[in-house]
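Report on the structure given below.
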Amino acid sequence: MTIRDERGDIVYANRTALETMSMGSAEELVGQSGREIMAGYSVEDEHGRPLSVEDLPGVRLVAGQAAGPLLMRVVHRGTGEEKWRLLKTTALNGADGRFLGAMTVIEDVTALKTAEAATRVLAESGRILASSLDYGQTLRNVAQIAVPSLADFCGVDLLDDYGRLTRVAAAHRDPARRELAERLQALEPAVPAPDSPAGRVLRTATSEVFAELSEEQLLSASRDEHHLGLIRRLDVRSALLVPMRVPARTIGLLTLATARSGRRLGPADVELAEQLARRAAVAVENSRLHTKLTEVAETLQQSLRPAPLPSIPGWEAAALYRPTQTELRIDIGGDFYEFFEHQGTWFAIIGDVTGKGVAAASLTSLMRHGARVASRAEPQPAAILTRLDEALQQQPEPSLCTALCLALHDDHVVISSAGHPAAVLAGRDGVLRQVPRPGPLLGAFADARFEEETIPIAPRELLVLYTDGVTETARGRERFGAERLTEVVAEHAAEPPARVLAALEAALDAFADGPARDDVAALALRAGG
């Protein structure tokens, strides 16, 4: 507690107030002005705005101005010790009501503000680190949070696979000095020397704090006069280097420093900075993992998706392929089709393996490429299905698949079924037929036999093959069904195959009441194309 008289001079201070002002007795106050007392401190309000003696509530009250509570941050210029003070002032009046002075109660709220700052930094960093997988932008946001709550400067450097440090984020309380910090960073070696502070922190994964940088340490850290001049211009008082670690390794370095504030970094700052660095490291690692998974997913998608349709002499072909999205958010599924040629004969296969997602798509790859290879040895649809059935029988887990395989000739097709929905043949007379007869599932029976049917095809006739994802498209408990499918085919049978499938896709979209629950694949083939 302090008391000022009507002239604004401090005429009383209790023991705690004297200790706060680094004085041993009230006699030391005599003859000292408020400016002289404040000269030994860096004083700011809670928003970082510098305060003068005229801003103190006791001085304002004596001057006849409003004097509400004032929260201020005080840093001792000599020791760098930081304190938070809450000042509340009331007028002292005599019995006759005459103003005699002002009494100020000074509350030490350092512990509260320190805990509040730590909570805010961690809460904000948690929110930001979880908001984006772009770790560059995320770390820039984290650096902005650390300044000025933790320090005047924050830099984030990440290690690459060759042990080189790259600055990915930086923030400085003073924009002019941020540019100076970047110039200084550009002079640092990409690979820190093992005995340098950065090298030691990266090697030992142990934080290092320099509470007060001495002239000897500055000389030791500099390489030449130009380098030393930049360091001095940055006016760093205290510095802290913290490793950014994930369980298996150190991935980078978090650097904090104080300058203008004059604050000295200590154990509490180390603890908070280490928590921040751990969170940032996890965010970076998650982002890198996401990037790698995305690359894997894109590679899988390219390898597992059907190839572009080939040009088939004597036939016009179109395809519809709509897989449900997988857990990796890539467009692959359990439905498949493939076209392949052997000695002048073109083959087509369409099928549906059990399951969904990447596991199902890996089986479709086996079916597609297995059919292509099988056709080299025995170029007949039934023989191809037999080889695919043998391949599924050898899988470690039970695996089932439906399929239609057909050989395309000028005036007929040879087709074989493995438990797959029959194809729709639209004749020139307008009559629709289901072909061929059903056969056994692939992978289901040890003694399965697959039959072939030869179907005559007149010029301009249309053959539509599809998976059960078409007929099973749902609206509540109702299904699209084979009847609606044949209606679409009948209505558009005279149109090009691509338009037939576009009409089918539009009909499915109009019928469905939500996202697709199953993969969809369809082929439209017109003879004489």
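Residue numbers start at 1 in each chain; chains themselves are named A, B, ... in the order of the structure tokens; ligands are numbered from 1 in the order shown.
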
Item to check | Test item: residues at most 12 Å from stretch 65-68 of chain A, only C-alpha atoms, excluding those fewer than 4 positions along its chain, as a PyMOL selection string | outcome: chain A and resi 54-61+86-91+102-104

Checklist entry - Just asking: which residues within stretch 214-437 of chain A are strand (DSSP E) according to DSSP, as a PyMOL selection string? => result chain A and resi 238-246+249-258+315-322+335-342+345-353+401-408+412-418+423-426+432-435

Checklist entry - Which is closest to A:Glu271 among A:Glu208, A:Asp335, A:Asp429, A:Glu182, if we use only C-alpha atoms? => result A:Glu208

At most 12 Å is the cut-off: for each residue in stretch 134-169 of chain A with any atom that close to an atom of stretch 224-246 of chain A, write down the nearest atom pair and the distance in Å rounded to one decimal, counting only C-alpha atoms, chain first then increasing number, as JSON lines.
```
{"residue": "A:Leu139", "atom": "CA", "partner": "A:Met244", "partner_atom": "CA", "distance": 11.9}
{"residue": "A:Leu150", "atom": "CA", "partner": "A:Leu240", "partner_atom": "CA", "distance": 10.5}
{"residue": "A:Ala151", "atom": "CA", "partner": "A:Ala239", "partner_atom": "CA", "distance": 8.9}
{"residue": "A:Asp152", "atom": "CA", "partner": "A:Val236", "partner_atom": "CA", "distance": 9.2}
{"residue": "A:Phe153", "atom": "CA", "partner": "A:Ala239", "partner_atom": "CA", "distance": 9.2}
{"residue": "A:Cys154", "atom": "CA", "partner": "A:Leu240", "partner_atom": "CA", "distance": 9.6}
{"residue": "A:Gly155", "atom": "CA", "partner": "A:Leu241", "partner_atom": "CA", "distance": 9.6}
{"residue": "A:Val156", "atom": "CA", "partner": "A:Met244", "partner_atom": "CA", "distance": 9.1}
{"residue": "A:Asp157", "atom": "CA", "partner": "A:Met244", "partner_atom": "CA", "distance": 9.1}
{"residue": "A:Leu158", "atom": "CA", "partner": "A:Met244", "partner_atom": "CA", "distance": 8.4}
{"residue": "A:Leu159", "atom": "CA", "partner": "A:Met244", "partner_atom": "CA", "distance": 9.8}
```

Could you turn the residues from that selection into a file that holds C-alpha atoms, as a CSV table (one decimal), in the first residue's frame?
```
chain,number,residue,atom,x,y,z
A,139,LEU,CA,3.3,-23.2,-37.0
A,150,LEU,CA,6.0,-16.1,-23.8
A,151,ALA,CA,8.7,-14.0,-25.4
A,152,ASP,CA,9.5,-11.1,-27.8
A,153,PHE,CA,10.6,-13.4,-30.5
A,154,CYS,CA,9.7,-17.0,-31.6
A,155,GLY,CA,11.2,-19.0,-34.3
A,156,VAL,CA,10.4,-22.6,-35.5
A,157,ASP,CA,12.9,-24.6,-37.4
A,158,LEU,CA,12.3,-28.1,-38.8
A,159,LEU,CA,14.9,-30.8,-39.6
```

Each residue of stretch 368-436 of chain A lying at most 9 Å from stretch 460-466 of chain A should get a row with its shortest atom-to-atom pair and the distance in Å to one decimal, counting only C-alpha atoms; could you produce that, ordered by chain and increasing number, as JSON lines?
```
{"residue": "A:Leu404", "atom": "CA", "partner": "A:Leu465", "partner_atom": "CA", "distance": 8.1}
{"residue": "A:His420", "atom": "CA", "partner": "A:Tyr466", "partner_atom": "CA", "distance": 8.8}
{"residue": "A:Pro421", "atom": "CA", "partner": "A:Tyr466", "partner_atom": "CA", "distance": 7.2}
{"residue": "A:Ala422", "atom": "CA", "partner": "A:Leu465", "partner_atom": "CA", "distance": 7.3}
{"residue": "A:Ala423", "atom": "CA", "partner": "A:Leu465", "partner_atom": "CA", "distance": 4.6}
{"residue": "A:Val424", "atom": "CA", "partner": "A:Val464", "partner_atom": "CA", "distance": 5.1}
{"residue": "A:Leu425", "atom": "CA", "partner": "A:Leu463", "partner_atom": "CA", "distance": 4.5}
{"residue": "A:Ala426", "atom": "CA", "partner": "A:Leu462", "partner_atom": "CA", "distance": 5.1}
{"residue": "A:Gly427", "atom": "CA", "partner": "A:Glu461", "partner_atom": "CA", "distance": 5.3}
{"residue": "A:Arg428", "atom": "CA", "partner": "A:Glu461", "partner_atom": "CA", "distance": 5.8}
```

Residues of the last selection are to be written out with N, CA and C atoms, as a PDB file, in the first residue's frame.
```
ATOM      1  N   LEU A 404     -19.215 -61.325 -65.046  1.00  0.00           N
ATOM      2  CA  LEU A 404     -19.599 -61.700 -66.414  1.00  0.00           C
ATOM      3  C   LEU A 404     -18.371 -61.490 -67.275  1.00  0.00           C
ATOM      4  N   HIS A 420     -23.327 -63.508 -61.518  1.00  0.00           N
ATOM      5  CA  HIS A 420     -23.496 -62.068 -61.710  1.00  0.00           C
ATOM      6  C   HIS A 420     -24.870 -61.765 -62.305  1.00  0.00           C
ATOM      7  N   PRO A 421     -25.434 -60.558 -61.993  1.00  0.00           N
ATOM      8  CA  PRO A 421     -26.697 -60.173 -62.646  1.00  0.00           C
ATOM      9  C   PRO A 421     -26.576 -60.270 -64.161  1.00  0.00           C
ATOM     10  N   ALA A 422     -27.621 -60.780 -64.790  1.00  0.00           N
ATOM     11  CA  ALA A 422     -27.603 -60.964 -66.233  1.00  0.00           C
ATOM     12  C   ALA A 422     -27.530 -59.621 -66.948  1.00  0.00           C
ATOM     13  N   ALA A 423     -26.896 -59.636 -68.134  1.00  0.00           N
ATOM     14  CA  ALA A 423     -26.830 -58.436 -68.961  1.00  0.00           C
ATOM     15  C   ALA A 423     -28.176 -58.231 -69.658  1.00  0.00           C
ATOM     16  N   VAL A 424     -28.419 -56.985 -70.084  1.00  0.00           N
ATOM     17  CA  VAL A 424     -29.646 -56.644 -70.802  1.00  0.00           C
ATOM     18  C   VAL A 424     -29.284 -56.436 -72.266  1.00  0.00           C
ATOM     19  N   LEU A 425     -29.915 -57.237 -73.146  1.00  0.00           N
ATOM     20  CA  LEU A 425     -29.689 -57.110 -74.580  1.00  0.00           C
ATOM     21  C   LEU A 425     -30.920 -56.472 -75.217  1.00  0.00           C
ATOM     22  N   ALA A 426     -30.727 -55.276 -75.790  1.00  0.00           N
ATOM     23  CA  ALA A 426     -31.821 -54.567 -76.457  1.00  0.00           C
ATOM     24  C   ALA A 426     -31.737 -54.837 -77.949  1.00  0.00           C
ATOM     25  N   GLY A 427     -32.695 -55.642 -78.462  1.00  0.00           N
ATOM     26  CA  GLY A 427     -32.702 -55.990 -79.875  1.00  0.00           C
ATOM     27  C   GLY A 427     -33.243 -54.865 -80.731  1.00  0.00           C
ATOM     28  N   ARG A 428     -33.019 -54.999 -82.043  1.00  0.00           N
ATOM     29  CA  ARG A 428     -33.520 -53.973 -82.947  1.00  0.00           C
ATOM     30  C   ARG A 428     -35.037 -53.970 -83.010  1.00  0.00           C
TER      31      ARG A 428
END
```

Next on the checklist: Just checking: using only C-alpha atoms, which residue out of A:Thr206, A:Thr364, A:Ser287, A:Ser222 ends up closest to A:Ala391?
Outcome noted: A:Thr364

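Rounded to one decimal, atom CA of A:Ile251 and atom CA of A:Val284 lie 8.7 Å from each other.
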
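Restricting the calculation to only C-alpha atoms, the smallest distance between A:His369 and any of A:Ser196, A:Thr354, A:Ser303, A:Thr386 is found for A:Ser303.
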
Next on the checklist: When you look at A:Asn14 with a cut-off of 12 Å (counting only C-alpha atoms), what residues show up, excluding the ones that are within fewer than 6 positions of it in the same chain? I need them as an MDAnalysis selection string.
Outcome noted: chainID A and resid 1:3 20:21 23:27 29 103:106

Checklist outcome for this item: For A:Arg433, the closest of A:Thr486, A:Thr473, A:Ser399, A:Ser365 counting only C-alpha atoms is A:Thr486

Checklist entry - So which residues touch A:Ser149 within 12 Å, counting only C-alpha atoms, skipping near sequence neighbours fewer than 3 positions away, as a VMD selection string? => result chain A and resid 46 to 48 73 113 to 122 124 142 to 146 152 to 154 171 to 173 256 to 258 261 263 265 269 272 to 273

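Of note, atom CA of A:Leu406 and atom CA of A:Gly370 are spaced 14.9 Å apart.
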
Item to check | Neighbour list for stretch 413-415 of chain A as a PyMOL selection string, cut-off 9 Å, only C-alpha atoms, skip fewer than 3 positions in-chain | outcome: chain A and resi 380-382+404-410+435-436+451-457

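Taking only C-alpha atoms into account, A:Leu400 lies nearest to A:Gly351 out of the set A:Gly314, A:Pro323, A:Gly34, A:Gly351.
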
Item to check | Long-range neighbours of A:Phe480 as a ChimeraX atom specification, 8 Å cut-off, only C-alpha atoms, 4 positions minimum in chain | outcome: /A:470-475,484-485,508,511
